[in-house]
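Here is the structure we will look at, set down as structure tokens.
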Amino acid sequence: MGSMNLLLLADGRFPAGGHAHSGGMETAVATGGVSDLASLHAFLIGRLATAGLAAAGLAAAACTTKHPWDALDAESDARIPSPALREVSRRQGRLLLRAARALWPGSVLDDLGAACGGTPAGARPSVHLVGPHHPVAMGAAAAAAGLEPLDAARAAVFNAVTGPASAAVRLLGLDPLAVHRLLAEMAPDMDDSAHCAAAGSGGPLDALPCPGSILLDLYAQRHALAEGRLFAS
Amino acid sequence: MPPETPPDRLRPLRVGVGGPVGSGKTALVAALCRMLAERLHIGVVTNDIYTTEDADFLRSQGVLDDNRIRAVQTGCCPHTAIRDDISENLEAVEELETRLAPLDLVLLESGGDNLTATFSQGLVDRQIFVLDVSGGDKVPRKGGPSVTSADLLVINKIDLAPMVGADLEVMRRDSVARRGDRAMIFSSLRKTDGAGEIAEWILSEVAQWAKPSSVRG
Amino acid sequence: MRSRSRIAASWSNGRTRLDCIRSCAPIHLRDTPDGVYLVGGAAGPLGGDDLLLEIEVESGATLVVRSAAASLALPGTGGASTVVINTRVAAGACLYWLPEPLIACLGCNHRILIRAVVEAGATVVWRDELILGRRGEMPGGVSNRIDVTLAGRPLIRNELRVGPGAPGWDGPAVAGKAAAIGSLIVISPELAHEPAPPVRLGPTAGILPLQGPAALATAAAADGRELRAVLETAQHLLAG
Ligand SMILES: Nc1nc2c(ncn2[C@@H]2O[C@H](COP(=O)(O)OP(=O)(O)OP(=O)(O)O)[C@@H](O)[C@H]2O)c(=O)[nH]1
Ligand SMILES: [Mg+2]
């Protein structure tokens, strides 16, 4: 049952709002950084090695359910210097948690919901701010679905790479077959990243990877203020 | 379902406003807010490609406070955001409902799309589909899920009908053939009270919704 | 070469006193009225070097660390070079780490690990500048990881990697076409009262408020001079 649930969780059609996020691609396109297949490839490789790896490490650690949720939350904050990205991460995490609870109800996700404030009917003003970070929700959802930390890392990496790739298809009108071939070429690297991220999932949280990326952080800040944007991030 | 979703009826009526690009969705939302502001507490979620000019427009019209409007980006896929993956919209709707409680009505304008775009039942309680005459009088005949299943079909810009050679009688007949006795209203939002009949429809739906004993349609 | 150096500052009799200033080659430390200087005796970290610098600043004291000139990360026969900086900054203490840039030379393989344990109420200004190769040269591999905990909570963990072995580093997601990258972290009790706003400092530079009384200025610049200008603006905005 495990691998089927992994396919469900990683599917771009999973109803948790992922389709509306470009992972920095909209700003990269707007500023000319990505304009064709070659620059898309360079973007995706960089995103995999930075945001993708960081998310995968957190997701794998969360999937062990051994670490306290608040510690994972703090470790996530520390790995996301852009305030716009922290907000996006929490929003996506909240939506993922909601969807995952509908699919795989149980104590893992209930605990996470309770730990990160949830959205009880009474909690009015904070509704916009609470919610687990996306990689933490991803790891918890994977655990609730009976998956392993390596699967959680795979889902996180897959999400980090395919989200911006499909945004590029929509924004630049690139040939979807060519873009998917590129993804297939990257598959071994994506697997390596997932293994690397999952290797430390049971160890101390400060040892999880924390690769940064200057431009993704700055793109996110810029995007949050952009006029007429098509994607939420 | 997550326990945090308030039970139906304790929340406002959610009405989706869909329709092709430029048919008059924003004009309708603005008109409804203007006409109903005195009687209902309203929040608006827009999936339009939202700029500060849009916000400025609504604000300058005195239609609605800025904090009552939420913009949701749909990543180039307007129909996905109202039908297949409603989570961003649902989140925006719930945020408004929580922050501005108690609301009576939430209007959700979808991005302009085609005749097959419908709202998910998980997102809205009623849907309005806005067509305009300039697309030609054959549009209702084409049908499509939105024309057939919307709770209210609005055929807008009838002031332009003579200019584009659209026969309103043909549109009415085709629409009845497609929709049976479901509601259909002709409008011209250029006129001051051009949305009057639509506002009446909304008011009766809100009244139905709020009635504790009412059975959901 | 293995080396262990240490600086410890405390507050006594109304002024900052250096309780310890221990240099171990190739690191040379010199106390000046302007701060403690890292003086480049040797060229800089060479492959095989394993250098440790400990910095402790006690409550009330202010320590400024600078360097006289840019340092070069060079390849060597001994494999990777590593610099570890362990810092502890007590409540009410101030640490300014403002050295000249590090230049990542062709073929280098250099790691920097900065660990800062900062108590609530401390002030820290920490600048890192990395020039990506000498003029016209491709940079070697450098990884710069900074881990700061503030009041026991992780504030920032950020590892920047460039050069061969850092996939996509010069692509449009990471550092683009930059020839110099850098950051400035400011932690200050004043930012608790008035949090830093996000500020754009140019097309590829900006101030990112962190989760806590702190902010990170980050920049990908065309050269070292532009980088310095941006980080100085950020320092002015964040730390007066
Ligand atoms: N003549 C005429 N023009 C109208 C009428 N209703 C709206 N318009 C105009 O039609 C144009 C498009 O109206 P909008 O309300 O922006 O249409 P929309 O459906 O929100 O468009 P998108 O959100 O871009 O899909 C505007 O210039 C309106 O002023 C009408 O009844 N008659
Ligand atoms: Mg509109």
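Lettering and numbering for the structure tokens are positional, with chains as A, B, ... in the shown order, residues counted from 1 in each chain, and ligands counted from 1 in the shown order.
Taking only C-alpha atoms and all ligand atoms into account, ligand 2 has within 10 Å the residues Val17, Gly18, Gly19, Pro20, Val21, Gly22, Ser23, Gly24, Lys25, Thr26, Ala27, Leu28, Val29, Ala30, Thr46, Asn47, Asp48, Ile49, Tyr50, Asp54, Glu109, Ser110, Gly111 and Gly112 of chain B.
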Check segment 1-195 of chain B with DSSP on the backbone and list each residue it calls alpha helix (DSSP H), as a PyMOL selection string. chain B and resi 25-36+52-60+78-79+87-99+139-142+145-149+161-164+168-179
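Nearest residue to Leu53 of chain A, choosing from A:Gly173, A:Pro135, A:Gly93, A:Pro81 and counting only C-alpha atoms: A:Pro135.
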Counting only C-alpha atoms, what is within 12 Å of segment 120-123 of chain C, bar same-chain residues fewer than 2 positions away, as a ChimeraX atom specification? /C:57-64,88-97,116-118,125-126,149-153,155,185-193,212-215,238-239
Written file, previous selection with C-alpha atoms, as an mmCIF file, in the first residue's frame:
```
data_model
loop_
_atom_site.group_PDB
_atom_site.id
_atom_site.type_symbol
_atom_site.label_atom_id
_atom_site.label_comp_id
_atom_site.auth_asym_id
_atom_site.auth_seq_id
_atom_site.Cartn_x
_atom_site.Cartn_y
_atom_site.Cartn_z
ATOM 1 C CA VAL C 57 32.217 37.886 24.433
ATOM 2 C CA GLU C 58 31.025 38.318 27.989
ATOM 3 C CA SER C 59 28.163 40.489 29.113
ATOM 4 C CA GLY C 60 28.799 44.218 28.640
ATOM 5 C CA ALA C 61 31.831 43.807 26.423
ATOM 6 C CA THR C 62 32.083 44.868 22.787
ATOM 7 C CA LEU C 63 34.418 43.023 20.453
ATOM 8 C CA VAL C 64 35.137 44.033 16.877
ATOM 9 C CA ARG C 88 29.450 32.618 22.198
ATOM 10 C CA VAL C 89 27.928 36.023 22.785
ATOM 11 C CA ALA C 90 26.419 36.721 26.206
ATOM 12 C CA ALA C 91 23.384 38.837 26.996
ATOM 13 C CA GLY C 92 24.308 42.504 26.787
ATOM 14 C CA ALA C 93 27.485 41.793 24.814
ATOM 15 C CA CYS C 94 28.238 42.998 21.289
ATOM 16 C CA LEU C 95 30.197 41.194 18.604
ATOM 17 C CA TYR C 96 31.043 42.764 15.275
ATOM 18 C CA TRP C 97 32.607 40.345 12.796
ATOM 19 C CA ALA C 116 27.240 31.097 17.079
ATOM 20 C CA VAL C 117 25.462 30.656 20.367
ATOM 21 C CA VAL C 118 23.837 33.949 21.165
ATOM 22 C CA VAL C 125 26.742 41.963 13.373
ATOM 23 C CA TRP C 126 28.253 39.251 11.228
ATOM 24 C CA THR C 149 21.026 29.824 17.904
ATOM 25 C CA LEU C 150 19.450 32.730 19.696
ATOM 26 C CA ALA C 151 18.145 32.203 23.214
ATOM 27 C CA GLY C 152 18.343 28.459 22.658
ATOM 28 C CA ARG C 153 16.247 28.473 19.479
ATOM 29 C CA LEU C 155 17.698 31.432 14.340
ATOM 30 C CA ILE C 185 23.377 38.981 9.860
ATOM 31 C CA VAL C 186 22.252 41.486 12.442
ATOM 32 C CA ILE C 187 20.848 40.404 15.786
ATOM 33 C CA SER C 188 19.883 43.183 18.106
ATOM 34 C CA PRO C 189 17.505 43.766 20.983
ATOM 35 C CA GLU C 190 16.328 46.897 19.185
ATOM 36 C CA LEU C 191 14.927 44.744 16.395
ATOM 37 C CA ALA C 192 12.691 43.130 19.012
ATOM 38 C CA HIS C 193 11.016 46.485 19.627
ATOM 39 C CA GLY C 212 13.270 36.749 15.886
ATOM 40 C CA PRO C 213 14.941 40.108 16.598
ATOM 41 C CA ALA C 214 17.259 39.658 13.658
ATOM 42 C CA ALA C 215 17.629 40.076 9.923
ATOM 43 C CA LEU C 238 19.797 47.552 10.617
ATOM 44 C CA ALA C 239 22.413 48.498 13.120
#
```
Quick one: everything within 8 Å of segment 55-70 of chain A, counting only C-alpha atoms, minus sequence neighbours fewer than 4 positions away in the same chain. Send it as a PDB file with N, CA and C atoms, in the first residue's frame.
```
ATOM      1  N   ALA A  51      16.618  24.417  -2.078  1.00  0.00           N
ATOM      2  CA  ALA A  51      15.290  24.305  -1.454  1.00  0.00           C
ATOM      3  C   ALA A  51      14.802  22.856  -1.418  1.00  0.00           C
ATOM      4  N   ALA A  74      10.838  25.083  14.455  1.00  0.00           N
ATOM      5  CA  ALA A  74      11.933  26.048  14.611  1.00  0.00           C
ATOM      6  C   ALA A  74      13.047  25.780  13.603  1.00  0.00           C
ATOM      7  N   SER A  76      12.657  24.529  10.716  1.00  0.00           N
ATOM      8  CA  SER A  76      12.175  24.982   9.405  1.00  0.00           C
ATOM      9  C   SER A  76      12.329  26.496   9.280  1.00  0.00           C
ATOM     10  N   VAL A 108      -1.352  10.932  14.142  1.00  0.00           N
ATOM     11  CA  VAL A 108      -0.168  11.675  13.703  1.00  0.00           C
ATOM     12  C   VAL A 108      -0.554  13.081  13.250  1.00  0.00           C
ATOM     13  N   LEU A 112      -0.091  16.882  14.973  1.00  0.00           N
ATOM     14  CA  LEU A 112       0.549  18.003  14.285  1.00  0.00           C
ATOM     15  C   LEU A 112      -0.394  19.199  14.238  1.00  0.00           C
ATOM     16  N   ALA A 115      -0.443  20.789  17.560  1.00  0.00           N
ATOM     17  CA  ALA A 115       0.831  21.421  17.921  1.00  0.00           C
ATOM     18  C   ALA A 115       1.039  22.747  17.212  1.00  0.00           C
ATOM     19  N   CYS A 116       0.510  22.859  15.998  1.00  0.00           N
ATOM     20  CA  CYS A 116       0.795  24.098  15.269  1.00  0.00           C
ATOM     21  C   CYS A 116      -0.389  25.039  15.300  1.00  0.00           C
ATOM     22  N   PRO A 135       7.254  21.266   4.480  1.00  0.00           N
ATOM     23  CA  PRO A 135       7.979  19.990   4.553  1.00  0.00           C
ATOM     24  C   PRO A 135       7.588  19.166   5.775  1.00  0.00           C
ATOM     25  N   VAL A 136       7.276  19.836   6.864  1.00  0.00           N
ATOM     26  CA  VAL A 136       6.872  19.114   8.071  1.00  0.00           C
ATOM     27  C   VAL A 136       5.525  18.435   7.839  1.00  0.00           C
ATOM     28  N   ALA A 137       4.611  19.177   7.222  1.00  0.00           N
ATOM     29  CA  ALA A 137       3.308  18.587   6.893  1.00  0.00           C
ATOM     30  C   ALA A 137       3.485  17.424   5.920  1.00  0.00           C
ATOM     31  N   MET A 138       4.406  17.588   4.982  1.00  0.00           N
ATOM     32  CA  MET A 138       4.662  16.532   4.002  1.00  0.00           C
ATOM     33  C   MET A 138       5.150  15.262   4.702  1.00  0.00           C
ATOM     34  N   GLY A 139       6.098  15.430   5.620  1.00  0.00           N
ATOM     35  CA  GLY A 139       6.622  14.283   6.350  1.00  0.00           C
ATOM     36  C   GLY A 139       5.552  13.624   7.202  1.00  0.00           C
ATOM     37  N   ALA A 140       4.757  14.454   7.862  1.00  0.00           N
ATOM     38  CA  ALA A 140       3.704  13.908   8.722  1.00  0.00           C
ATOM     39  C   ALA A 140       2.653  13.189   7.883  1.00  0.00           C
ATOM     40  N   ALA A 141       2.318  13.779   6.730  1.00  0.00           N
ATOM     41  CA  ALA A 141       1.335  13.136   5.846  1.00  0.00           C
ATOM     42  C   ALA A 141       1.869  11.790   5.375  1.00  0.00           C
ATOM     43  N   ALA A 142       3.162  11.760   5.044  1.00  0.00           N
ATOM     44  CA  ALA A 142       3.763  10.503   4.601  1.00  0.00           C
ATOM     45  C   ALA A 142       3.678   9.459   5.708  1.00  0.00           C
ATOM     46  N   ALA A 143       3.976   9.875   6.933  1.00  0.00           N
ATOM     47  CA  ALA A 143       3.903   8.936   8.054  1.00  0.00           C
ATOM     48  C   ALA A 143       2.473   8.425   8.216  1.00  0.00           C
ATOM     49  N   LEU A 147       4.042   5.621   5.029  1.00  0.00           N
ATOM     50  CA  LEU A 147       5.264   5.688   4.223  1.00  0.00           C
ATOM     51  C   LEU A 147       6.499   5.852   5.103  1.00  0.00           C
ATOM     52  N   GLU A 148       7.661   5.665   4.481  1.00  0.00           N
ATOM     53  CA  GLU A 148       8.945   5.756   5.178  1.00  0.00           C
ATOM     54  C   GLU A 148       9.554   7.152   4.992  1.00  0.00           C
ATOM     55  N   PRO A 149      10.521   7.514   5.840  1.00  0.00           N
ATOM     56  CA  PRO A 149      11.198   8.811   5.673  1.00  0.00           C
ATOM     57  C   PRO A 149      11.776   9.014   4.268  1.00  0.00           C
ATOM     58  N   LEU A 150      12.288   7.939   3.677  1.00  0.00           N
ATOM     59  CA  LEU A 150      12.826   8.093   2.321  1.00  0.00           C
ATOM     60  C   LEU A 150      11.717   8.488   1.337  1.00  0.00           C
ATOM     61  N   ASP A 151      10.530   7.930   1.534  1.00  0.00           N
ATOM     62  CA  ASP A 151       9.406   8.305   0.670  1.00  0.00           C
ATOM     63  C   ASP A 151       9.053   9.778   0.859  1.00  0.00           C
ATOM     64  N   ALA A 152       9.052  10.207   2.116  1.00  0.00           N
ATOM     65  CA  ALA A 152       8.736  11.612   2.393  1.00  0.00           C
ATOM     66  C   ALA A 152       9.746  12.513   1.703  1.00  0.00           C
ATOM     67  N   ALA A 153      11.015  12.117   1.757  1.00  0.00           N
ATOM     68  CA  ALA A 153      12.054  12.903   1.098  1.00  0.00           C
ATOM     69  C   ALA A 153      11.838  12.906  -0.412  1.00  0.00           C
ATOM     70  N   ARG A 154      11.448  11.753  -0.944  1.00  0.00           N
ATOM     71  CA  ARG A 154      11.178  11.678  -2.379  1.00  0.00           C
ATOM     72  C   ARG A 154      10.038  12.614  -2.767  1.00  0.00           C
ATOM     73  N   ALA A 155       8.981  12.579  -1.976  1.00  0.00           N
ATOM     74  CA  ALA A 155       7.833  13.436  -2.298  1.00  0.00           C
ATOM     75  C   ALA A 155       8.245  14.909  -2.253  1.00  0.00           C
ATOM     76  N   ALA A 156       9.052  15.266  -1.252  1.00  0.00           N
ATOM     77  CA  ALA A 156       9.456  16.666  -1.110  1.00  0.00           C
ATOM     78  C   ALA A 156      10.329  17.107  -2.281  1.00  0.00           C
ATOM     79  N   VAL A 157      11.254  16.260  -2.654  1.00  0.00           N
ATOM     80  CA  VAL A 157      12.157  16.572  -3.761  1.00  0.00           C
ATOM     81  C   VAL A 157      11.370  16.671  -5.077  1.00  0.00           C
ATOM     82  N   SER A 193      19.376  12.995  -3.941  1.00  0.00           N
ATOM     83  CA  SER A 193      19.048  14.011  -2.938  1.00  0.00           C
ATOM     84  C   SER A 193      18.136  13.429  -1.872  1.00  0.00           C
ATOM     85  N   ALA A 194      17.149  12.641  -2.303  1.00  0.00           N
ATOM     86  CA  ALA A 194      16.217  12.058  -1.342  1.00  0.00           C
ATOM     87  C   ALA A 194      16.960  11.122  -0.380  1.00  0.00           C
ATOM     88  N   ALA A 197      19.000  13.181   2.001  1.00  0.00           N
ATOM     89  CA  ALA A 197      18.165  13.851   2.997  1.00  0.00           C
ATOM     90  C   ALA A 197      17.654  12.868   4.039  1.00  0.00           C
ATOM     91  N   ALA A 198      17.288  11.664   3.578  1.00  0.00           N
ATOM     92  CA  ALA A 198      16.685  10.702   4.498  1.00  0.00           C
ATOM     93  C   ALA A 198      17.723  10.097   5.436  1.00  0.00           C
ATOM     94  N   GLY A 200      19.868  11.312   7.379  1.00  0.00           N
ATOM     95  CA  GLY A 200      20.008  11.909   8.710  1.00  0.00           C
ATOM     96  C   GLY A 200      18.688  12.078   9.436  1.00  0.00           C
ATOM     97  N   SER A 201      17.623  11.428   8.941  1.00  0.00           N
ATOM     98  CA  SER A 201      16.299  11.772   9.462  1.00  0.00           C
ATOM     99  C   SER A 201      16.100  11.418  10.925  1.00  0.00           C
ATOM    100  N   GLY A 202      16.823  10.387  11.398  1.00  0.00           N
ATOM    101  CA  GLY A 202      16.635  10.011  12.794  1.00  0.00           C
ATOM    102  C   GLY A 202      17.628  10.691  13.725  1.00  0.00           C
ATOM    103  N   LEU A 205      18.517  17.237  14.799  1.00  0.00           N
ATOM    104  CA  LEU A 205      17.922  18.108  13.782  1.00  0.00           C
ATOM    105  C   LEU A 205      18.894  19.160  13.269  1.00  0.00           C
ATOM    106  N   LEU A 208      20.602  18.347   9.991  1.00  0.00           N
ATOM    107  CA  LEU A 208      19.888  18.243   8.704  1.00  0.00           C
ATOM    108  C   LEU A 208      20.459  19.261   7.731  1.00  0.00           C
ATOM    109  N   PRO A 209      20.394  18.959   6.440  1.00  0.00           N
ATOM    110  CA  PRO A 209      20.949  19.904   5.464  1.00  0.00           C
ATOM    111  C   PRO A 209      20.239  21.258   5.522  1.00  0.00           C
TER     112      PRO A 209
END
```
Show me which bits of chain C are within 8 Å of chain A, counting only C-alpha atoms, as a compact mmCIF listing (two decimals) with N, CA and C atoms, in the first residue's frame.
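Done, and the output landed in iface_36.txt:
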```
# COMPACT_ATOMS: atom_id res chain seq x y z
N ARG C 153 17.06 28.87 20.63
CA ARG C 153 16.25 28.47 19.48
C ARG C 153 17.07 28.70 18.21
N PRO C 154 16.99 27.77 17.25
CA PRO C 154 17.74 28.03 16.01
C PRO C 154 17.21 29.27 15.31
N LEU C 155 18.10 30.19 15.00
CA LEU C 155 17.70 31.43 14.34
C LEU C 155 17.91 31.32 12.84
N ILE C 156 19.10 30.88 12.47
CA ILE C 156 19.36 30.69 11.06
C ILE C 156 20.36 29.56 10.87
N ARG C 157 20.06 28.73 9.92
CA ARG C 157 21.01 27.71 9.47
C ARG C 157 21.06 27.86 7.96
N ASN C 158 22.21 28.21 7.46
CA ASN C 158 22.29 28.53 6.04
C ASN C 158 23.64 28.13 5.51
N GLU C 159 23.64 27.25 4.52
CA GLU C 159 24.90 26.84 3.90
C GLU C 159 24.90 27.27 2.45
N LEU C 160 25.87 28.10 2.10
CA LEU C 160 25.99 28.50 0.70
C LEU C 160 27.14 27.74 0.09
N ARG C 161 26.88 27.14 -1.06
CA ARG C 161 27.92 26.36 -1.72
C ARG C 161 28.12 26.86 -3.13
N ALA C 166 28.88 21.94 -6.44
CA ALA C 166 27.69 22.61 -5.92
C ALA C 166 26.73 22.77 -7.10
N PRO C 167 25.86 21.79 -7.33
CA PRO C 167 25.03 21.79 -8.54
C PRO C 167 24.19 23.07 -8.64
N GLY C 168 24.23 23.66 -9.81
CA GLY C 168 23.35 24.80 -10.09
C GLY C 168 23.75 26.10 -9.41
N TRP C 169 24.92 26.15 -8.78
CA TRP C 169 25.26 27.35 -7.97
C TRP C 169 25.30 28.62 -8.80
N GLY C 171 23.53 29.11 -11.50
CA GLY C 171 22.30 29.16 -12.29
C GLY C 171 21.32 30.17 -11.71
N PRO C 172 20.16 30.29 -12.37
CA PRO C 172 19.20 31.33 -12.00
C PRO C 172 18.42 31.05 -10.71
N ALA C 173 18.72 29.95 -10.01
CA ALA C 173 18.04 29.75 -8.72
C ALA C 173 18.94 30.12 -7.55
N VAL C 174 20.25 30.11 -7.75
CA VAL C 174 21.13 30.24 -6.58
C VAL C 174 21.91 31.56 -6.57
N ALA C 175 22.93 31.68 -7.41
CA ALA C 175 23.70 32.93 -7.39
C ALA C 175 23.78 33.58 -8.76
N GLY C 176 23.19 32.95 -9.76
CA GLY C 176 23.16 33.56 -11.09
C GLY C 176 24.56 33.87 -11.60
N PRO C 198 11.23 44.09 5.44
CA PRO C 198 11.98 43.61 4.28
C PRO C 198 12.30 44.79 3.37
N THR C 204 19.33 42.10 -7.04
CA THR C 204 19.64 40.81 -6.42
C THR C 204 20.25 41.02 -5.04
N ALA C 205 19.63 41.88 -4.26
CA ALA C 205 20.07 42.10 -2.89
C ALA C 205 18.90 42.57 -2.07
N GLY C 206 18.87 42.16 -0.82
CA GLY C 206 17.77 42.59 0.01
C GLY C 206 17.95 42.21 1.46
N LEU C 208 16.19 40.45 4.64
CA LEU C 208 15.16 39.47 4.98
C LEU C 208 15.03 39.41 6.50
N PRO C 209 13.93 39.88 7.04
CA PRO C 209 13.73 39.77 8.48
C PRO C 209 13.60 38.29 8.88
N LEU C 210 14.33 37.90 9.90
CA LEU C 210 14.29 36.51 10.36
C LEU C 210 13.21 36.36 11.44
N GLN C 211 12.99 35.12 11.83
CA GLN C 211 12.01 34.83 12.87
C GLN C 211 12.66 35.12 14.22
N LEU C 216 18.64 39.14 7.99
CA LEU C 216 19.73 38.71 7.12
C LEU C 216 19.70 39.58 5.88
N THR C 218 21.19 39.75 2.21
CA THR C 218 21.82 38.79 1.33
C THR C 218 21.99 39.43 -0.04
N ALA C 219 23.09 39.10 -0.72
CA ALA C 219 23.33 39.76 -1.99
C ALA C 219 24.14 38.89 -2.93
N ALA C 220 23.79 38.98 -4.20
CA ALA C 220 24.59 38.42 -5.28
C ALA C 220 24.99 39.61 -6.14
```
Using only C-alpha atoms, which chain B residues lie at most 6 Å away from chain A, written as an MDAnalysis selection string? chainID B and resid 1 4 49:51 73:76 85 87:88 98:99
Hey, what does DSSP flag as strand (DSSP E or B) within segment 28-200 of chain C? Can you give it to me as a PyMOL selection string? chain C and resi 28-32+35-40+46+50-57+62-67+71-74+81-89+94-98+102-104+109-118+123-131+141-150+153-162+180-187+199-200
With a distance cut-off of 7 Å and only C-alpha atoms, select the neighbouring residues of Leu38 of chain C, excluding the residue or stretch itself and same-chain residues fewer than 4 positions from it, and output the selection as a list in words. Ile27, His28, Leu29, Arg30, Arg66, Ser67 and Ala68 of chain C
For the selection just defined, write its residues with C-alpha atoms to a file, as a CSV table (one decimal), in the first residue's frame.
```csv
chain,number,residue,atom,x,y,z
C,27,ILE,CA,46.1,32.8,12.1
C,28,HIS,CA,47.7,35.9,13.7
C,29,LEU,CA,45.6,38.1,16.0
C,30,ARG,CA,46.6,41.7,16.8
C,66,ARG,CA,38.4,42.8,11.3
C,67,SER,CA,41.1,41.7,8.9
C,68,ALA,CA,43.8,43.7,7.2
```
Which neighbours of Gly47 of chain C fall inside 7 Å, counting only C-alpha atoms, when residues of the same chain fewer than 3 positions from it are skipped, and could you give them as an MDAnalysis selection string? chainID C and resid 74:81 108:109
Let's have the selection written as a CSV table (one decimal), in the first residue's frame, with all heavy atoms.
```csv
chain,number,residue,atom,x,y,z
C,74,LEU,N,43.1,28.7,-1.2
C,74,LEU,CA,44.0,28.1,-2.2
C,74,LEU,C,44.0,26.6,-2.2
C,74,LEU,O,43.8,26.0,-1.1
C,74,LEU,CB,45.4,28.6,-2.1
C,74,LEU,CG,45.6,30.1,-2.3
C,74,LEU,CD1,46.9,30.6,-1.7
C,74,LEU,CD2,45.5,30.4,-3.8
C,75,PRO,N,44.2,26.0,-3.3
C,75,PRO,CA,44.3,24.5,-3.3
C,75,PRO,C,45.6,24.1,-2.6
C,75,PRO,O,46.5,24.9,-2.6
C,75,PRO,CB,44.3,24.1,-4.8
C,75,PRO,CG,44.7,25.3,-5.5
C,75,PRO,CD,44.3,26.5,-4.7
C,76,GLY,N,45.6,22.9,-2.1
C,76,GLY,CA,46.9,22.4,-1.5
C,76,GLY,C,46.9,20.9,-1.6
C,76,GLY,O,46.0,20.3,-2.2
C,77,THR,N,48.0,20.4,-1.2
C,77,THR,CA,48.2,18.9,-1.4
C,77,THR,C,47.4,18.1,-0.4
C,77,THR,O,47.1,16.9,-0.6
C,77,THR,CB,49.7,18.6,-1.2
C,77,THR,OG1,50.1,19.2,0.0
C,77,THR,CG2,50.5,19.0,-2.4
C,78,GLY,N,47.0,18.7,0.7
C,78,GLY,CA,46.4,18.0,1.8
C,78,GLY,C,44.9,17.8,1.7
C,78,GLY,O,44.2,17.5,2.7
C,79,GLY,N,44.3,18.0,0.5
C,79,GLY,CA,42.8,17.9,0.4
C,79,GLY,C,42.1,19.1,0.8
C,79,GLY,O,42.5,20.2,0.5
C,80,ALA,N,40.9,19.0,1.5
C,80,ALA,CA,40.1,20.1,1.8
C,80,ALA,C,40.7,20.9,2.9
C,80,ALA,O,41.5,20.4,3.7
C,80,ALA,CB,38.7,19.6,2.2
C,81,SER,N,40.4,22.2,2.9
C,81,SER,CA,40.7,23.1,4.1
C,81,SER,C,39.5,23.4,4.8
C,81,SER,O,38.4,23.5,4.2
C,81,SER,CB,41.4,24.3,3.6
C,81,SER,OG,40.7,25.0,2.6
C,108,CYS,N,40.4,25.5,-5.3
C,108,CYS,CA,40.3,25.3,-3.8
C,108,CYS,C,39.2,24.4,-3.4
C,108,CYS,O,38.3,24.2,-4.2
C,108,CYS,CB,40.2,26.7,-3.1
C,108,CYS,SG,38.5,27.4,-3.2
C,109,ASN,N,39.3,23.9,-2.2
C,109,ASN,CA,38.2,23.0,-1.7
C,109,ASN,C,38.1,23.4,-0.2
C,109,ASN,O,38.8,22.9,0.6
C,109,ASN,CB,38.6,21.6,-1.9
C,109,ASN,CG,37.5,20.6,-1.4
C,109,ASN,OD1,36.4,21.1,-0.9
C,109,ASN,ND2,37.7,19.4,-1.5
```
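Each of C:Arg115, C:Thr32, C:Glu56, C:Pro45 was compared to Ser10 of chain C using only C-alpha atoms, and C:Glu56 turns out to be the nearest.
Computed from the coordinates, the atom CA of Arg15 of chain C to atom CA of Leu98 of chain C distance equals 20.9 Å.
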